[in-house]
file model-v1.cif (mmCIF, C-alpha atoms)
data_work
#
loop_
_atom_site.label_atom_id
_atom_site.label_comp_id
_atom_site.auth_asym_id
_atom_site.auth_seq_id
_atom_site.Cartn_x
_atom_site.Cartn_y
_atom_site.Cartn_z
CA MET A 3 68.34 113.92 102.33
CA ALA A 4 71.43 115.88 101.27
CA THR A 5 70.96 119.52 100.41
CA THR A 6 71.47 120.88 96.90
CA ILE A 7 74.55 122.81 98.04
CA THR A 8 76.18 119.64 99.40
CA LEU A 9 75.38 117.70 96.24
CA LYS A 10 76.76 120.44 94.00
CA ARG A 11 79.99 120.47 96.01
CA ARG A 12 80.31 116.72 95.72
CA ILE A 13 79.69 116.83 91.97
CA ASN A 14 82.33 119.54 91.48
CA SER A 15 84.78 117.63 93.64
CA VAL A 16 84.30 114.39 91.71
CA LYS A 17 84.61 116.28 88.40
CA SER A 18 87.97 117.64 89.53
CA ILE A 19 89.15 114.17 90.49
CA ARG A 20 87.95 112.83 87.14
CA GLN A 21 90.06 115.42 85.32
CA ILE A 22 93.13 114.30 87.27
CA THR A 23 92.56 110.58 86.70
CA LYS A 24 91.90 111.19 83.00
CA ALA A 25 95.16 113.11 82.69
CA LEU A 26 97.05 110.34 84.52
CA GLN A 27 95.46 107.78 82.24
CA LEU A 28 96.67 109.63 79.13
CA VAL A 29 100.16 110.05 80.58
CA ALA A 30 100.36 106.35 81.45
CA ALA A 31 99.17 105.39 77.96
CA SER A 32 101.88 107.54 76.42
CA LYS A 33 104.56 106.07 78.69
CA LEU A 34 103.26 102.57 77.98
CA LYS A 35 103.76 102.95 74.24
CA ARG A 36 107.29 104.30 74.70
CA SER A 37 108.26 101.57 77.17
CA GLN A 38 106.91 98.85 74.87
CA ASP A 39 108.91 100.16 71.92
CA TYR A 40 112.05 100.49 74.06
CA ALA A 41 111.77 96.99 75.52
CA ALA A 42 111.08 95.41 72.14
CA MET A 43 114.53 96.44 70.87
CA SER A 44 116.32 94.15 73.33
CA ARG A 45 113.78 91.37 73.91
CA GLU A 46 115.16 88.99 71.27
CA TYR A 47 118.66 89.48 72.64
CA ALA A 48 117.45 88.72 76.18
CA LEU A 49 115.66 85.55 75.03
CA LEU A 50 118.77 84.33 73.24
CA ALA A 51 120.87 85.16 76.30
CA GLU A 52 118.55 83.10 78.49
CA LYS A 53 118.72 80.14 76.11
CA LEU A 54 122.49 80.37 75.96
CA GLY A 55 122.66 80.40 79.76
CA HIS A 56 120.57 77.22 79.97
CA TYR A 57 122.74 75.59 77.33
CA LEU A 58 125.98 76.44 79.15
CA ALA A 59 124.49 75.12 82.40
CA SER A 60 123.88 71.78 80.68
CA ILE A 61 127.62 71.28 80.04
CA HIS A 62 128.87 69.36 83.05
CA GLU A 63 132.40 70.79 82.78
CA LEU A 64 131.12 74.25 83.75
CA GLU A 65 129.85 73.16 87.16
CA LYS A 66 133.20 74.07 88.69
CA TYR A 67 132.91 77.72 87.61
CA SER A 68 131.41 80.13 90.14
CA TYR A 69 128.37 81.23 88.13
CA PHE A 70 127.18 77.63 87.74
CA GLN A 71 127.87 76.29 91.23
CA VAL A 72 124.73 74.98 92.90
CA ARG A 73 125.39 75.11 96.65
CA PRO A 74 123.28 74.17 99.68
CA ILE A 75 121.13 77.22 100.39
CA SER A 76 122.07 79.01 103.58
CA ARG A 77 121.21 82.62 102.65
CA GLN A 78 119.35 84.02 99.67
CA LEU A 79 119.22 87.43 98.05
CA TYR A 80 116.06 88.88 96.55
CA ILE A 81 115.93 91.61 93.91
CA ILE A 82 112.43 93.12 93.90
CA ILE A 83 111.43 95.49 91.10
CA SER A 84 108.53 97.70 92.20
CA SER A 85 107.40 101.26 91.47
CA ASN A 86 108.28 104.54 93.13
CA SER A 87 104.68 105.75 93.26
CA GLY A 88 101.22 104.31 93.71
CA LEU A 89 98.02 104.65 91.69
CA ALA A 90 98.96 101.51 89.74
CA GLY A 91 96.27 99.13 90.91
CA ALA A 92 97.55 95.86 92.34
CA TYR A 93 101.00 96.18 90.74
CA ASN A 94 102.98 96.53 93.98
CA SER A 95 100.73 94.40 96.18
CA ASN A 96 101.06 91.43 93.81
CA LEU A 97 104.85 91.71 93.93
CA ILE A 98 104.92 91.91 97.71
CA ARG A 99 102.50 88.99 98.02
CA GLN A 100 104.80 86.82 95.88
CA PHE A 101 107.83 87.92 97.90
CA VAL A 102 106.17 87.07 101.22
CA ARG A 103 105.06 83.70 99.87
CA GLN A 104 108.62 82.83 98.88
CA LEU A 105 109.96 83.90 102.27
CA GLN A 106 107.47 81.64 104.01
CA GLN A 107 108.29 78.68 101.79
CA SER A 108 112.09 79.09 101.87
CA GLY A 109 112.60 78.28 105.55
CA ASP A 110 116.12 79.75 105.50
CA LYS A 111 117.98 79.91 108.79
CA ASN A 112 119.71 83.20 107.99
CA PRO A 113 117.87 86.46 107.26
CA PRO A 114 117.66 87.07 103.50
CA LYS A 115 119.33 90.02 101.82
CA ILE A 116 117.14 92.40 99.82
CA ILE A 117 117.86 94.80 96.98
CA ALA A 118 114.77 96.92 96.34
CA ILE A 119 114.26 98.72 93.05
CA GLY A 120 111.51 101.26 93.71
CA ASN A 121 110.25 102.92 96.87
CA LYS A 122 107.22 100.69 97.37
CA ALA A 123 109.22 97.50 97.89
CA ALA A 124 111.75 99.37 100.04
CA ASN A 125 109.07 100.83 102.31
CA TYR A 126 107.55 97.40 102.85
CA CYS A 127 110.88 95.71 103.59
CA ARG A 128 111.83 98.38 106.12
CA ASN A 129 108.91 97.25 108.27
CA LEU A 130 109.96 93.59 108.28
CA LYS A 131 112.04 92.07 111.02
CA GLU A 132 115.09 89.91 110.30
CA ILE A 133 115.44 91.32 106.80
CA ASP A 134 118.74 92.73 105.56
CA LEU A 135 117.75 95.57 103.22
CA MET A 136 121.08 96.10 101.49
CA ALA A 137 120.25 98.85 99.00
CA VAL A 138 117.40 100.84 97.46
CA TYR A 139 117.45 102.10 93.87
CA ASN A 140 114.72 104.59 93.04
CA ASP A 141 116.28 106.90 90.48
CA PHE A 142 115.89 104.95 87.24
CA SER A 143 114.51 106.90 84.28
CA ASP A 144 111.79 105.77 81.88
CA LYS A 145 114.56 104.54 79.57
CA PRO A 146 117.16 102.82 81.77
CA THR A 147 120.40 101.66 80.23
CA ALA A 148 122.58 98.66 80.96
CA ASN A 149 124.97 100.95 82.82
CA ASP A 150 122.20 101.88 85.27
CA ILE A 151 121.94 98.34 86.58
CA ARG A 152 125.70 97.71 86.62
CA PRO A 153 126.12 98.60 90.34
CA ILE A 154 123.39 96.11 91.28
CA LEU A 155 124.90 93.44 89.10
CA LYS A 156 128.42 93.86 90.45
CA THR A 157 127.19 93.71 94.03
CA VAL A 158 125.22 90.54 93.40
CA VAL A 159 128.02 88.80 91.54
CA GLU A 160 130.62 89.62 94.20
CA LEU A 161 128.38 88.33 96.99
CA PHE A 162 127.71 85.11 95.10
CA LYS A 163 131.35 84.51 94.19
CA ASP A 164 132.41 85.11 97.81
CA SER A 165 129.80 82.55 98.95
CA LYS A 166 128.02 85.16 101.08
CA ILE A 167 124.80 84.23 99.31
CA ASP A 168 123.85 80.95 97.68
CA ARG A 169 120.99 81.99 95.44
CA VAL A 170 119.75 85.20 93.79
CA ASN A 171 116.00 85.50 93.16
CA LEU A 172 114.57 88.13 90.84
CA ILE A 173 110.92 89.11 91.41
CA TYR A 174 109.25 91.37 88.84
CA THR A 175 106.06 91.76 86.83
CA LYS A 176 105.91 90.75 83.18
CA SER A 177 103.30 92.11 80.81
CA ILE A 178 101.44 89.35 78.97
CA SER A 179 99.06 91.92 77.47
CA ASN A 180 97.84 95.39 78.39
CA ILE A 181 95.26 93.87 80.74
CA ASN A 182 97.15 90.77 81.87
CA GLN A 183 100.21 91.14 84.09
CA LYS A 184 102.03 88.21 85.69
CA VAL A 185 104.45 88.26 88.62
CA ILE A 186 107.62 86.34 87.72
CA SER A 187 110.03 84.80 90.22
CA GLN A 188 113.27 83.83 88.53
CA VAL A 189 116.56 82.44 89.81
CA ILE A 190 119.37 84.31 88.05
CA LEU A 191 122.25 82.89 90.12
CA PRO A 192 123.41 80.23 89.93
CA ILE A 193 122.80 79.72 86.22
CA THR A 194 120.96 76.42 86.05
CA LEU A 195 119.31 74.08 83.60
CA GLU A 196 115.94 74.92 82.16
CA GLU A 197 113.05 72.95 83.61
CA ASN A 198 112.95 69.41 82.18
CA GLN A 199 116.29 70.03 80.42
CA ALA A 200 118.80 67.19 80.59
CA PRO A 201 122.56 67.71 80.86
CA THR A 202 124.50 67.36 77.61
CA LYS A 203 127.52 65.16 76.99
CA GLU A 204 129.29 67.88 75.04
CA THR A 205 132.71 69.01 76.24
CA LEU A 206 134.88 72.05 75.69
CA ASN A 207 138.17 70.21 75.32
CA PHE A 208 138.23 70.48 71.55
CA THR A 209 138.09 74.27 71.59
CA ASN A 210 140.92 76.75 72.08
CA PHE A 211 140.05 79.87 74.06
CA GLU A 212 141.84 83.20 74.24
CA PRO A 213 142.87 84.41 76.76
CA ASP A 214 141.59 81.37 78.71
CA ILE A 215 138.37 79.47 79.24
CA GLU A 216 137.73 80.79 82.76
CA THR A 217 137.91 84.42 81.65
CA ILE A 218 135.64 83.76 78.69
CA ILE A 219 133.05 81.88 80.76
CA ASP A 220 133.04 84.58 83.45
CA GLU A 221 132.57 87.36 80.92
CA ILE A 222 129.83 85.54 79.03
CA SER A 223 127.99 84.62 82.23
CA PHE A 224 128.17 88.18 83.52
CA ARG A 225 126.67 89.47 80.27
CA LEU A 226 123.91 86.87 80.32
CA ILE A 227 122.84 87.84 83.84
CA GLU A 228 123.02 91.50 82.88
CA ALA A 229 120.72 90.92 79.90
CA ASN A 230 118.16 89.08 82.04
CA LEU A 231 118.15 91.73 84.77
CA TRP A 232 117.91 94.62 82.34
CA GLN A 233 115.07 93.04 80.36
CA ALA A 234 113.21 92.35 83.61
CA LEU A 235 113.48 96.03 84.49
CA LEU A 236 112.12 97.04 81.06
CA ASP A 237 109.25 94.55 81.33
CA SER A 238 108.44 95.90 84.79
CA LEU A 239 108.11 99.42 83.38
CA ILE A 240 105.66 98.13 80.77
CA SER A 241 103.58 96.38 83.43
CA GLU A 242 103.60 99.39 85.75
CA ASN A 243 102.41 101.76 83.01
CA ALA A 244 99.79 99.28 81.78
CA MET A 245 98.35 98.74 85.27
CA ARG A 246 98.41 102.46 86.04
CA MET A 247 96.60 103.23 82.78
CA LEU A 248 93.96 100.59 83.55
CA ALA A 249 93.57 101.77 87.16
CA MET A 250 93.14 105.40 86.10
CA LYS A 251 90.64 104.38 83.40
CA ASN A 252 88.58 102.53 86.00
CA ALA A 253 88.80 105.51 88.34
CA THR A 254 87.65 107.85 85.54
CA ASP A 255 84.72 105.58 84.69
CA ASN A 256 83.75 105.29 88.36
CA ALA A 257 83.90 109.07 88.72
CA LYS A 258 81.53 109.44 85.76
CA ASP A 259 79.09 106.96 87.31
CA LEU A 260 79.31 108.79 90.63
CA ILE A 261 78.61 112.13 88.96
CA ASP A 262 75.58 110.63 87.23
CA ASP A 263 74.27 109.28 90.56
CA TYR A 264 74.80 112.61 92.33
CA THR A 265 73.16 114.50 89.44
CA LEU A 266 70.14 112.21 89.58
CA THR A 267 69.89 112.75 93.34
CA LEU A 268 70.24 116.49 92.87
CA ASN A 269 67.45 116.57 90.28
CA THR A 270 65.28 114.47 92.60
CA VAL A 271 65.85 116.93 95.47
CA ARG A 272 65.05 119.89 93.20
CA GLN A 273 61.87 118.25 91.93
CA SER A 274 60.76 117.47 95.48
CA ARG A 275 61.28 121.07 96.52
CA ILE A 276 59.42 122.38 93.47
CA THR A 277 56.55 120.00 94.17
CA GLN A 278 56.49 121.07 97.82
CA GLU A 279 56.49 124.77 96.90
CA LEU A 280 53.67 124.26 94.39
CA ALA A 281 51.67 122.42 97.03
CA GLU A 282 52.23 125.26 99.52
CA ILE A 283 51.16 127.86 96.93
CA SER A 284 48.06 125.89 96.05
CA GLY A 285 47.23 125.50 99.74
CA GLY A 286 47.67 129.24 100.28
CA VAL A 287 45.36 130.09 97.36
CA GLU A 288 42.70 127.75 98.67
CA ALA A 289 43.02 129.30 102.12
CA LEU A 290 42.52 132.81 100.68
CA LYS A 291 39.41 131.70 98.78
CA GLN A 292 37.84 130.56 102.00
#
call {"tool": "encode", "arguments": {"input": "model-v1.cif", "output": "structure tokens"}}
result
Amino acid sequence: MATTITLKRRINSVKSIRQITKALQLVAASKLKRSQDYAAMSREYALLAEKLGHYLASIHELEKYSYFQVRPISRQLYIIISSNSGLAGAYNSNLIRQFVRQLQQSGDKNPPKIIAIGNKAANYCRNLKEIDLMAVYNDFSDKPTANDIRPILKTVVELFKDSKIDRVNLIYTKSISNINQKVISQVILPITLEENQAPTKETLNFTNFEPDIETIIDEISFRLIEANLWQALLDSLISENAMRMLAMKNATDNAKDLIDDYTLTLNTVRQSRITQELAEISGGVEALKQ
């Protein structure tokens, strides 16, 4: 049986850990509220942008423009949005599991290109063979702006327009609720029809565009992809903070249960020693009487 000194040390150690996890839980809860408020300001815009993208993809005339060209897949690019640090439960492992599943199902002949947002995804991809890790972005703040993702967006668009990649997959985590997070895999290039959506017979011939239709379509498409990527980043921050808050709450609760167990064991050891000492005293008194 453990000694009282060992048990006291364990109790003090667990109490210290509980203080840390409680503080991290409060910090994550504070960040969660701020990230939810920040993401809510642009969510309606992002939803409308996604609907507009699906609508444009349904117009058959736009198939000739680069953003809407569906080509045979020879090489894909993956944008993975993970976290820079751990202590967020299964947040990063769920993302990586979805990424690996897609790699196994794709069957591409050429190694895929990867853009990792966050150190966790980057560290995992560095250990994979036949993976082209193009770039790592790990310096986003808690309130990223559209300008922060502009370098990623320009790189992706240039590669797609030059036919160096044929599809761009975005993998991130979306918060359904504070306790329910879902990994989303979304194709952001080419811009395609929504599932079960039929092409429309509408044309653009009746409309006059300034300066020209190609410039307008390119600019609109670029903005639509930007809105989707930015909103995905904001939703990922919400999910990360929610899962970290839940993980730290569970750790705090487990620490409390562990302290209670150690305290019960400590009291049991103390009681056993007191009982033993009383028995020894009683035995000594009886021996003196004889």
call {"tool": "closest_residue", "arguments": {"input": "model-v1.cif", "among": "A:Ser223, A:Thr6, A:Ser84, A:Asn182", "to": "A:Ser68", "atoms": "all atoms listed in the file"}}
result
A:Ser223
call {"tool": "resolve_selection", "arguments": {"input": "model-v1.cif", "expression": "the PyMOL selection byres ((chain A and resi 72) around 12)", "output": "list in words"}}
result
Ala59, Leu64, Glu65, Lys66, Tyr67, Ser68, Tyr69, Phe70, Gln71, Arg73, Pro74, Ile75, Ser76, Phe162, Lys163, Ser165, Ile167, Asp168, Arg169, Val170, Val189, Ile190, Leu191, Pro192, Ile193, Thr194 and Leu195 of chain A
call {"tool": "residues_around", "arguments": {"input": "model-v1.cif", "residues": "stretch 122-127 of chain A", "least_positions_apart": "3", "cutoff": "12 Å", "atoms": "only C-alpha atoms", "output": "PDB file with C-alpha atoms, in the coordinates of the input"}}
result
ATOM      1  CA  TYR A  80     116.060  88.880  96.550  1.00  0.00           C
ATOM      2  CA  ILE A  81     115.930  91.610  93.910  1.00  0.00           C
ATOM      3  CA  ILE A  82     112.430  93.120  93.900  1.00  0.00           C
ATOM      4  CA  ILE A  83     111.430  95.490  91.100  1.00  0.00           C
ATOM      5  CA  SER A  84     108.530  97.700  92.200  1.00  0.00           C
ATOM      6  CA  SER A  85     107.400 101.260  91.470  1.00  0.00           C
ATOM      7  CA  ASN A  86     108.280 104.540  93.130  1.00  0.00           C
ATOM      8  CA  SER A  87     104.680 105.750  93.260  1.00  0.00           C
ATOM      9  CA  GLY A  88     101.220 104.310  93.710  1.00  0.00           C
ATOM     10  CA  LEU A  89      98.020 104.650  91.690  1.00  0.00           C
ATOM     11  CA  ALA A  90      98.960 101.510  89.740  1.00  0.00           C
ATOM     12  CA  ALA A  92      97.550  95.860  92.340  1.00  0.00           C
ATOM     13  CA  TYR A  93     101.000  96.180  90.740  1.00  0.00           C
ATOM     14  CA  ASN A  94     102.980  96.530  93.980  1.00  0.00           C
ATOM     15  CA  SER A  95     100.730  94.400  96.180  1.00  0.00           C
ATOM     16  CA  ASN A  96     101.060  91.430  93.810  1.00  0.00           C
ATOM     17  CA  LEU A  97     104.850  91.710  93.930  1.00  0.00           C
ATOM     18  CA  ILE A  98     104.920  91.910  97.710  1.00  0.00           C
ATOM     19  CA  ARG A  99     102.500  88.990  98.020  1.00  0.00           C
ATOM     20  CA  GLN A 100     104.800  86.820  95.880  1.00  0.00           C
ATOM     21  CA  PHE A 101     107.830  87.920  97.900  1.00  0.00           C
ATOM     22  CA  VAL A 102     106.170  87.070 101.220  1.00  0.00           C
ATOM     23  CA  LEU A 105     109.960  83.900 102.270  1.00  0.00           C
ATOM     24  CA  PRO A 114     117.660  87.070 103.500  1.00  0.00           C
ATOM     25  CA  LYS A 115     119.330  90.020 101.820  1.00  0.00           C
ATOM     26  CA  ILE A 116     117.140  92.400  99.820  1.00  0.00           C
ATOM     27  CA  ILE A 117     117.860  94.800  96.980  1.00  0.00           C
ATOM     28  CA  ALA A 118     114.770  96.920  96.340  1.00  0.00           C
ATOM     29  CA  ILE A 119     114.260  98.720  93.050  1.00  0.00           C
ATOM     30  CA  LEU A 130     109.960  93.590 108.280  1.00  0.00           C
ATOM     31  CA  LYS A 131     112.040  92.070 111.020  1.00  0.00           C
ATOM     32  CA  GLU A 132     115.090  89.910 110.300  1.00  0.00           C
ATOM     33  CA  ILE A 133     115.440  91.320 106.800  1.00  0.00           C
ATOM     34  CA  ASP A 134     118.740  92.730 105.560  1.00  0.00           C
ATOM     35  CA  LEU A 135     117.750  95.570 103.220  1.00  0.00           C
ATOM     36  CA  MET A 136     121.080  96.100 101.490  1.00  0.00           C
ATOM     37  CA  ALA A 137     120.250  98.850  99.000  1.00  0.00           C
ATOM     38  CA  VAL A 138     117.400 100.840  97.460  1.00  0.00           C
ATOM     39  CA  TYR A 139     117.450 102.100  93.870  1.00  0.00           C
ATOM     40  CA  ASN A 140     114.720 104.590  93.040  1.00  0.00           C
ATOM     41  CA  ILE A 173     110.920  89.110  91.410  1.00  0.00           C
ATOM     42  CA  TYR A 174     109.250  91.370  88.840  1.00  0.00           C
TER      43      TYR A 174
END
call {"tool": "residues_around", "arguments": {"input": "model-v1.cif", "residues": "A:Gln27", "least_positions_apart": "2", "cutoff": "7 Å", "atoms": "only C-alpha atoms", "output": "mmCIF file with C-alpha atoms, in the coordinates of the input"}}
result
data_model
loop_
_atom_site.group_PDB
_atom_site.id
_atom_site.type_symbol
_atom_site.label_atom_id
_atom_site.label_comp_id
_atom_site.auth_asym_id
_atom_site.auth_seq_id
_atom_site.Cartn_x
_atom_site.Cartn_y
_atom_site.Cartn_z
ATOM 1 C CA THR A 23 92.560 110.580 86.700
ATOM 2 C CA LYS A 24 91.900 111.190 83.000
ATOM 3 C CA ALA A 25 95.160 113.110 82.690
ATOM 4 C CA VAL A 29 100.160 110.050 80.580
ATOM 5 C CA ALA A 30 100.360 106.350 81.450
ATOM 6 C CA ALA A 31 99.170 105.390 77.960
ATOM 7 C CA MET A 247 96.600 103.230 82.780
ATOM 8 C CA MET A 250 93.140 105.400 86.100
ATOM 9 C CA LYS A 251 90.640 104.380 83.400
#
call {"tool": "resolve_selection", "arguments": {"input": "model-v1.cif", "expression": "the PyMOL selection byres ((chain A and resi 49) around 12)", "output": "MDAnalysis selection string"}}
result
chainID A and resid 42:48 50:56 226:227 229:234
call {"tool": "atom_distance", "arguments": {"input": "model-v1.cif", "atom1": "atom CA of A:Ile186", "atom2": "atom CA of A:Ser32"}}
result
24.7 Å
call {"tool": "atom_distance", "arguments": {"input": "model-v1.cif", "atom1": "atom CA of A:Ser60", "atom2": "atom CA of A:Arg225"}}
result
17.9 Å
call {"tool": "atom_distance", "arguments": {"input": "model-v1.cif", "atom1": "atom CA of A:Ala244", "atom2": "atom CA of A:Ala148"}}
result
22.8 Å
call {"tool": "resolve_selection", "arguments": {"input": "model-v1.cif", "expression": "the PyMOL selection byres ((chain A and resi 146) around 10)", "output": "PyMOL selection string"}}
result
chain A and resi 40+141-145+147-151+232+235-236+239
call {"tool": "closest_residue", "arguments": {"input": "model-v1.cif", "among": "A:Leu58, A:Val16, A:Leu280, A:Leu28", "to": "A:Ile222", "atoms": "all atoms listed in the file"}}
result
A:Leu58
call {"tool": "closest_residue", "arguments": {"input": "model-v1.cif", "among": "A:Glu242, A:Pro153, A:Lys111, A:Thr5", "to": "A:Thr175", "atoms": "only C-alpha atoms"}}
result
A:Glu242
call {"tool": "residues_around", "arguments": {"input": "model-v1.cif", "residues": "A:Ala253", "least_positions_apart": "4", "cutoff": "9 Å", "atoms": "all atoms listed in the file", "output": "list in words"}}
result
Ile19, Arg20, Thr23, Lys24, Leu248, Ala249, Ala257 and Lys258 of chain A
call {"tool": "axis_aligned_box", "arguments": {"input": "model-v1.cif", "around": "stretch 276-285 of chain A", "padding_each_side": "6 Å", "output": "lines of an AutoDock Vina configuration file"}}
result
center_x = 53.3
center_y = 123.9
center_z = 96.6
size_x = 24.2
size_y = 19.9
size_z = 18.3
call {"tool": "closest_residue", "arguments": {"input": "model-v1.cif", "among": "A:Arg77, A:Lys10, A:Lys35, A:Lys291", "to": "A:Asn171", "atoms": "all atoms listed in the file"}}
result
A:Arg77
call {"tool": "closest_residue", "arguments": {"input": "model-v1.cif", "among": "A:Tyr57, A:Phe224, A:Val287, A:Thr270", "to": "A:Arg152", "atoms": "only C-alpha atoms"}}
result
A:Phe224
call {"tool": "build_atoms", "arguments": {"input": "model-v1.cif", "residues": "stretch 252-279 of chain A", "atoms": "N, CA and C atoms", "output": "PDB file, in the frame of the given file"}}
result
ATOM      1  N   ASN A 252      89.662 102.968  85.121  1.00  0.00           N
ATOM      2  CA  ASN A 252      88.580 102.530  86.000  1.00  0.00           C
ATOM      3  C   ASN A 252      88.148 103.644  86.947  1.00  0.00           C
ATOM      4  N   ALA A 253      89.134 104.404  87.450  1.00  0.00           N
ATOM      5  CA  ALA A 253      88.800 105.510  88.340  1.00  0.00           C
ATOM      6  C   ALA A 253      88.005 106.588  87.596  1.00  0.00           C
ATOM      7  N   THR A 254      88.377 106.859  86.354  1.00  0.00           N
ATOM      8  CA  THR A 254      87.650 107.850  85.540  1.00  0.00           C
ATOM      9  C   THR A 254      86.222 107.388  85.276  1.00  0.00           C
ATOM     10  N   ASP A 255      86.065 106.113  84.947  1.00  0.00           N
ATOM     11  CA  ASP A 255      84.720 105.580  84.690  1.00  0.00           C
ATOM     12  C   ASP A 255      83.876 105.597  85.969  1.00  0.00           C
ATOM     13  N   ASN A 256      84.488 105.261  87.090  1.00  0.00           N
ATOM     14  CA  ASN A 256      83.750 105.290  88.360  1.00  0.00           C
ATOM     15  C   ASN A 256      83.340 106.714  88.731  1.00  0.00           C
ATOM     16  N   ALA A 257      84.232 107.670  88.442  1.00  0.00           N
ATOM     17  CA  ALA A 257      83.900 109.070  88.720  1.00  0.00           C
ATOM     18  C   ALA A 257      82.705 109.518  87.873  1.00  0.00           C
ATOM     19  N   LYS A 258      82.668 109.098  86.627  1.00  0.00           N
ATOM     20  CA  LYS A 258      81.530 109.440  85.760  1.00  0.00           C
ATOM     21  C   LYS A 258      80.234 108.852  86.311  1.00  0.00           C
ATOM     22  N   ASP A 259      80.291 107.582  86.737  1.00  0.00           N
ATOM     23  CA  ASP A 259      79.090 106.960  87.310  1.00  0.00           C
ATOM     24  C   ASP A 259      78.661 107.681  88.586  1.00  0.00           C
ATOM     25  N   LEU A 260      79.631 108.088  89.387  1.00  0.00           N
ATOM     26  CA  LEU A 260      79.310 108.790  90.630  1.00  0.00           C
ATOM     27  C   LEU A 260      78.678 110.153  90.350  1.00  0.00           C
ATOM     28  N   ILE A 261      79.189 110.836  89.343  1.00  0.00           N
ATOM     29  CA  ILE A 261      78.610 112.130  88.960  1.00  0.00           C
ATOM     30  C   ILE A 261      77.175 111.953  88.484  1.00  0.00           C
ATOM     31  N   ASP A 262      76.952 110.899  87.704  1.00  0.00           N
ATOM     32  CA  ASP A 262      75.580 110.630  87.230  1.00  0.00           C
ATOM     33  C   ASP A 262      74.642 110.353  88.403  1.00  0.00           C
ATOM     34  N   ASP A 263      75.110 109.589  89.393  1.00  0.00           N
ATOM     35  CA  ASP A 263      74.270 109.280  90.560  1.00  0.00           C
ATOM     36  C   ASP A 263      73.970 110.548  91.361  1.00  0.00           C
ATOM     37  N   TYR A 264      74.996 111.366  91.585  1.00  0.00           N
ATOM     38  CA  TYR A 264      74.800 112.610  92.330  1.00  0.00           C
ATOM     39  C   TYR A 264      73.873 113.568  91.566  1.00  0.00           C
ATOM     40  N   THR A 265      74.021 113.621  90.254  1.00  0.00           N
ATOM     41  CA  THR A 265      73.160 114.500  89.440  1.00  0.00           C
ATOM     42  C   THR A 265      71.717 114.048  89.507  1.00  0.00           C
ATOM     43  N   LEU A 266      71.501 112.729  89.465  1.00  0.00           N
ATOM     44  CA  LEU A 266      70.140 112.210  89.580  1.00  0.00           C
ATOM     45  C   LEU A 266      69.547 112.545  90.941  1.00  0.00           C
ATOM     46  N   THR A 267      70.361 112.393  91.995  1.00  0.00           N
ATOM     47  CA  THR A 267      69.890 112.750  93.340  1.00  0.00           C
ATOM     48  C   THR A 267      69.580 114.232  93.444  1.00  0.00           C
ATOM     49  N   LEU A 268      70.458 115.055  92.852  1.00  0.00           N
ATOM     50  CA  LEU A 268      70.240 116.490  92.870  1.00  0.00           C
ATOM     51  C   LEU A 268      68.944 116.868  92.165  1.00  0.00           C
ATOM     52  N   ASN A 269      68.696 116.274  91.025  1.00  0.00           N
ATOM     53  CA  ASN A 269      67.450 116.570  90.280  1.00  0.00           C
ATOM     54  C   ASN A 269      66.223 116.099  91.081  1.00  0.00           C
ATOM     55  N   THR A 270      66.393 114.973  91.786  1.00  0.00           N
ATOM     56  CA  THR A 270      65.280 114.470  92.600  1.00  0.00           C
ATOM     57  C   THR A 270      64.969 115.446  93.736  1.00  0.00           C
ATOM     58  N   VAL A 271      66.038 115.962  94.390  1.00  0.00           N
ATOM     59  CA  VAL A 271      65.850 116.930  95.470  1.00  0.00           C
ATOM     60  C   VAL A 271      65.186 118.196  94.947  1.00  0.00           C
ATOM     61  N   ARG A 272      65.651 118.686  93.804  1.00  0.00           N
ATOM     62  CA  ARG A 272      65.050 119.890  93.200  1.00  0.00           C
ATOM     63  C   ARG A 272      63.578 119.675  92.880  1.00  0.00           C
ATOM     64  N   GLN A 273      63.257 118.525  92.292  1.00  0.00           N
ATOM     65  CA  GLN A 273      61.870 118.250  91.930  1.00  0.00           C
ATOM     66  C   GLN A 273      60.990 118.153  93.178  1.00  0.00           C
ATOM     67  N   SER A 274      61.544 117.569  94.240  1.00  0.00           N
ATOM     68  CA  SER A 274      60.760 117.470  95.480  1.00  0.00           C
ATOM     69  C   SER A 274      60.484 118.849  96.050  1.00  0.00           C
ATOM     70  N   ARG A 275      61.484 119.717  95.996  1.00  0.00           N
ATOM     71  CA  ARG A 275      61.280 121.070  96.520  1.00  0.00           C
ATOM     72  C   ARG A 275      60.271 121.847  95.668  1.00  0.00           C
ATOM     73  N   ILE A 276      60.373 121.687  94.343  1.00  0.00           N
ATOM     74  CA  ILE A 276      59.420 122.380  93.470  1.00  0.00           C
ATOM     75  C   ILE A 276      58.006 121.892  93.729  1.00  0.00           C
ATOM     76  N   THR A 277      57.867 120.562  93.887  1.00  0.00           N
ATOM     77  CA  THR A 277      56.550 120.000  94.170  1.00  0.00           C
ATOM     78  C   THR A 277      56.013 120.506  95.503  1.00  0.00           C
ATOM     79  N   GLN A 278      56.905 120.571  96.505  1.00  0.00           N
ATOM     80  CA  GLN A 278      56.490 121.070  97.820  1.00  0.00           C
ATOM     81  C   GLN A 278      56.066 122.530  97.754  1.00  0.00           C
ATOM     82  N   GLU A 279      56.831 123.345  97.017  1.00  0.00           N
ATOM     83  CA  GLU A 279      56.490 124.770  96.900  1.00  0.00           C
ATOM     84  C   GLU A 279      55.168 124.973  96.173  1.00  0.00           C
TER      85      GLU A 279
END
